[in-house]
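Structure, as structure tokens:
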Amino acid sequence: MGLLFRRIAVKVGSNVLTRSDGTLNVTRMSALVDQIAELRRNGIAVVLVSSGAVASGRSEIKPDRKLDAVSARQLYSAVGQAKLINRYYELFREHHIPCGQVLTMKENFSSRHHYLNQKHCMEVMLENGVIPIVNENDTVSVTELMFTDNDELSGLIAAMMGMDALIILSNVDGIYDGDPSLPGSEVIREITDAGRDISSCVLTGKSHFGRGGMLTKYGIARKVADEGIAVIIANGTRDNILPALLADDSSVVCTRFRPSSRPVSNIKKWIAHSEGFAKGEVFVNNGARDALLQPGATSVLFVGVTRIEGDFEEDDIVKILDESGRQIGVGCAGYGSDEARKRVGKRSDKPLVHYDYLCLEG
């Protein structure tokens, strides 16, 4: 089989792995494991980002009293994750493939040190033939500390691991150009960085057991593709979907995001996904804004900075905004906020945010 990629991240949604009553669909899980095993035999390195823990736990536990949302999520995920990873372990063992559990939280991506620790752990697993199975640690992640959903997590993992492709498996064939339930709506087969923004066409509804929806998938896919990683959104309930996608079978209906040809460094990939961890805001004048947005390498210089909001330390993530408050980028600060405020509007040898640690919008 002619395969397009050698390193892939596969995200499997809750609605692929569970039945309508929330119980695990073991037949579906077994089929997906069989497909991943086939890819492994063909030399493909795979990281699996798997939902399903909360839905799985919900089907096992019947609380004596009504629980609040946080307590319910913690309880169901604690029970469900054990059930989920045990099932994966048994299924992969039939193929003589070891797998390992990687539970993570959003804050583990907020510092470069923790980010690299995660990356090292998963690289060691891949080097030793172990398939990492990644999920959010829902037992301790709550409210604002949670990922939007596992689509966001899979995008972070794909960028962190330098994957060739991210495959997002849902229970629909891809992104439609209208309401999928209406006659005439069709799957958009390919999306490029130069193509039109189709977010207005994407339905905003959430999945039954998951937290996300197709609009989230679209946003994550665009960001990951802009970093040079191919993204495919496809129907994980279809037979033998993964080998067909990687063989570029034209008969498979799916949405493919063409990766940008512009190279992006690993540290810029981290910064691009770290906007939610920003500790401060840097406002620049119109001249600095225009200089930053023009082609070519430009850093955030103090002479163009008008004010600084928030408290941050050197190497923390900060947002870059123009005078109207419109965000134009995000970057890694070269100074702490106290020292930076002393230099606002002045000329300095060292920029506040060097171009190598700056990601601009668009």
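Identifiers in this document derive from the order of the structure tokens: chains are assigned A, B, ..., residues are numbered from 1 separately in each chain, and ligands are numbered from 1 in order of occurrence.
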What parts of range 121-321 of chain A does DSSP call helix (DSSP H, G or I)? I'd like the answer as a ChimeraX atom specification. /A:121-127,143-145,150-160,199-201,214-226,241-246,266-272,275-277,286-293,302-304
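Close contacts of Lys217 in chain A, defined as residues with an atom at most 10 Å away when counting only C-alpha atoms, with chain neighbours fewer than 4 positions off set aside, comprise Asp149, Asn150, Asp151, Glu152, Gly155, Ile168, Ser170, Gly174, Ile175, Val202, Gly212, Gly213, Ala221, Arg222 and Ile233 of chain A.
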For those residues, write all heavy atoms to a file as a tab-separated table (two decimals), in the first residue's frame.
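Generated output (out08.tsv):
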chain	number	residue	atom	x	y	z
A	149	ASP	N	-11.67	20.70	23.96
A	149	ASP	CA	-12.03	19.29	23.78
A	149	ASP	C	-10.77	18.58	23.31
A	149	ASP	O	-9.70	19.17	23.23
A	149	ASP	CB	-13.18	19.12	22.78
A	149	ASP	CG	-12.93	19.84	21.47
A	149	ASP	OD1	-11.77	19.83	21.01
A	149	ASP	OD2	-13.86	20.42	20.90
A	150	ASN	N	-10.90	17.29	22.98
A	150	ASN	CA	-9.72	16.54	22.53
A	150	ASN	C	-9.28	16.91	21.12
A	150	ASN	O	-8.20	16.49	20.69
A	150	ASN	CB	-9.98	15.03	22.65
A	150	ASN	CG	-9.55	14.49	24.01
A	150	ASN	OD1	-9.01	15.23	24.84
A	150	ASN	ND2	-9.77	13.22	24.24
A	151	ASP	N	-10.10	17.66	20.38
A	151	ASP	CA	-9.63	18.19	19.11
A	151	ASP	C	-8.49	19.17	19.35
A	151	ASP	O	-7.45	19.14	18.68
A	151	ASP	CB	-10.76	18.89	18.36
A	151	ASP	CG	-11.88	17.94	17.98
A	151	ASP	OD1	-11.58	16.82	17.54
A	151	ASP	OD2	-13.05	18.32	18.12
A	152	GLU	N	-8.67	20.05	20.33
A	152	GLU	CA	-7.61	21.00	20.69
A	152	GLU	C	-6.37	20.25	21.17
A	152	GLU	O	-5.23	20.57	20.76
A	152	GLU	CB	-8.09	21.96	21.78
A	152	GLU	CG	-7.03	22.98	22.19
A	152	GLU	CD	-7.45	23.87	23.33
A	152	GLU	OE1	-8.51	23.61	23.96
A	152	GLU	OE2	-6.72	24.83	23.62
A	155	GLY	N	-4.46	18.70	18.28
A	155	GLY	CA	-3.69	19.68	17.53
A	155	GLY	C	-2.38	20.01	18.22
A	155	GLY	O	-1.33	20.13	17.58
A	168	ILE	N	-8.50	13.35	12.27
A	168	ILE	CA	-9.56	13.51	13.26
A	168	ILE	C	-10.75	12.65	12.82
A	168	ILE	O	-11.37	12.91	11.78
A	168	ILE	CB	-9.99	14.99	13.39
A	168	ILE	CG1	-8.80	15.84	13.87
A	168	ILE	CG2	-11.16	15.13	14.35
A	168	ILE	CD1	-9.09	17.33	13.93
A	170	SER	N	-14.42	11.42	13.34
A	170	SER	CA	-15.71	11.77	13.93
A	170	SER	C	-16.75	10.78	13.43
A	170	SER	O	-16.40	9.75	12.86
A	170	SER	CB	-16.07	13.22	13.53
A	170	SER	OG	-17.27	13.62	14.13
A	174	GLY	N	-17.00	14.54	7.17
A	174	GLY	CA	-16.11	15.68	7.04
A	174	GLY	C	-16.86	16.97	7.27
A	174	GLY	O	-17.91	16.98	7.94
A	175	ILE	N	-16.35	18.07	6.72
A	175	ILE	CA	-17.00	19.37	6.85
A	175	ILE	C	-17.89	19.60	5.64
A	175	ILE	O	-17.42	19.52	4.49
A	175	ILE	CB	-15.95	20.49	6.97
A	175	ILE	CG1	-15.15	20.32	8.27
A	175	ILE	CG2	-16.62	21.86	6.94
A	175	ILE	CD1	-14.07	21.34	8.46
A	202	VAL	N	-20.05	26.22	8.88
A	202	VAL	CA	-19.91	25.08	9.77
A	202	VAL	C	-20.92	25.16	10.90
A	202	VAL	O	-21.06	26.20	11.55
A	202	VAL	CB	-18.48	25.01	10.34
A	202	VAL	CG1	-18.32	23.77	11.22
A	202	VAL	CG2	-17.46	25.00	9.22
A	212	GLY	N	-16.91	19.01	22.07
A	212	GLY	CA	-16.65	19.83	20.90
A	212	GLY	C	-17.68	19.68	19.82
A	212	GLY	O	-18.73	19.10	19.98
A	213	GLY	N	-17.38	20.27	18.69
A	213	GLY	CA	-18.25	20.20	17.53
A	213	GLY	C	-17.41	20.44	16.28
A	213	GLY	O	-16.19	20.59	16.35
A	221	ALA	N	-8.04	22.50	12.85
A	221	ALA	CA	-7.45	21.99	11.61
A	221	ALA	C	-6.76	23.10	10.82
A	221	ALA	O	-5.67	22.90	10.28
A	221	ALA	CB	-8.53	21.33	10.76
A	222	ARG	N	-7.38	24.27	10.76
A	222	ARG	CA	-6.76	25.39	10.03
A	222	ARG	C	-5.42	25.79	10.68
A	222	ARG	O	-4.43	26.00	9.99
A	222	ARG	CB	-7.70	26.59	10.02
A	222	ARG	CG	-8.85	26.50	9.04
A	222	ARG	CD	-8.40	26.43	7.59
A	222	ARG	NE	-7.72	27.60	7.12
A	222	ARG	CZ	-8.20	28.47	6.24
A	222	ARG	NH1	-9.42	28.30	5.75
A	222	ARG	NH2	-7.49	29.49	5.83
A	233	ILE	N	-10.23	15.26	8.25
A	233	ILE	CA	-11.41	14.99	9.08
A	233	ILE	C	-12.24	13.96	8.34
A	233	ILE	O	-12.64	14.17	7.18
A	233	ILE	CB	-12.22	16.27	9.33
A	233	ILE	CG1	-11.37	17.29	10.10
A	233	ILE	CG2	-13.50	15.95	10.10
A	233	ILE	CD1	-12.07	18.62	10.33
Please provide as a compact mmCIF listing (two decimals) with N, CA and C atoms, in the first residue's frame all residues within 6 Å of range 323-339 of chain A, with the sequence filter that same-chain residues fewer than 3 positions apart are discarded (counting only C-alpha atoms).
# COMPACT_ATOMS: atom_id res chain seq x y z
N ASN A 285 2.24 50.78 18.80
CA ASN A 285 1.66 51.85 17.99
C ASN A 285 1.46 51.39 16.54
N ASP A 311 1.08 40.97 34.60
CA ASP A 311 2.36 40.64 35.24
C ASP A 311 2.89 39.34 34.65
N PHE A 312 4.11 39.38 34.15
CA PHE A 312 4.71 38.19 33.55
C PHE A 312 6.21 38.19 33.78
N GLU A 313 6.79 37.03 33.62
CA GLU A 313 8.23 36.87 33.79
C GLU A 313 8.88 36.62 32.43
N GLU A 314 10.18 36.71 32.39
CA GLU A 314 10.91 36.41 31.16
C GLU A 314 10.57 34.99 30.70
N ASP A 315 10.34 34.85 29.40
CA ASP A 315 9.98 33.58 28.74
C ASP A 315 8.50 33.23 28.86
N ASP A 316 7.70 34.05 29.55
CA ASP A 316 6.25 33.82 29.57
C ASP A 316 5.64 34.23 28.23
N ILE A 317 4.45 33.70 27.95
CA ILE A 317 3.73 34.03 26.73
C ILE A 317 2.95 35.33 26.93
N VAL A 318 3.03 36.23 25.93
CA VAL A 318 2.28 37.49 25.97
C VAL A 318 1.57 37.69 24.63
N LYS A 319 0.44 38.40 24.68
CA LYS A 319 -0.27 38.77 23.46
C LYS A 319 0.24 40.12 22.96
N ILE A 320 0.26 40.29 21.65
CA ILE A 320 0.66 41.54 21.03
C ILE A 320 -0.59 42.17 20.42
N LYS A 342 9.85 49.67 32.27
CA LYS A 342 10.87 50.73 32.35
C LYS A 342 11.40 51.11 30.97
N LEU A 352 11.67 43.29 23.02
CA LEU A 352 10.78 42.70 24.02
C LEU A 352 10.37 41.29 23.60
N VAL A 353 10.07 41.11 22.30
CA VAL A 353 9.77 39.79 21.76
C VAL A 353 10.56 39.64 20.46
N TYR A 357 10.66 34.13 18.32
CA TYR A 357 9.71 33.68 19.35
C TYR A 357 8.39 34.42 19.22
N LEU A 358 8.03 34.78 17.99
CA LEU A 358 6.84 35.56 17.71
C LEU A 358 6.00 34.89 16.64
N CYS A 359 4.71 34.74 16.90
CA CYS A 359 3.76 34.21 15.91
C CYS A 359 2.71 35.26 15.65
N LEU A 360 2.60 35.69 14.39
CA LEU A 360 1.68 36.74 14.01
C LEU A 360 0.39 36.15 13.47
N GLU A 361 -0.70 36.87 13.64
CA GLU A 361 -2.00 36.41 13.17
C GLU A 361 -2.00 36.32 11.65
Could you pull out all residues of range 126-337 of chain A with a DSSP call of strand (DSSP E) and give them as JSON, numbers by chain? {"A": [131, 132, 133, 134, 135, 136, 165, 166, 167, 168, 169, 170, 190, 191, 230, 231, 232, 233, 234, 235, 255, 256, 257, 280, 281, 282, 283, 284, 305, 306, 307, 308, 309, 310, 317, 318, 319, 320, 321, 327, 328, 329, 330, 331, 332]}
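When only C-alpha atoms are used to measure the gap to Asp239 in chain A, the shortest distance among A:Ile131, A:Leu24, A:Leu32, A:Ala9 belongs to A:Leu32.
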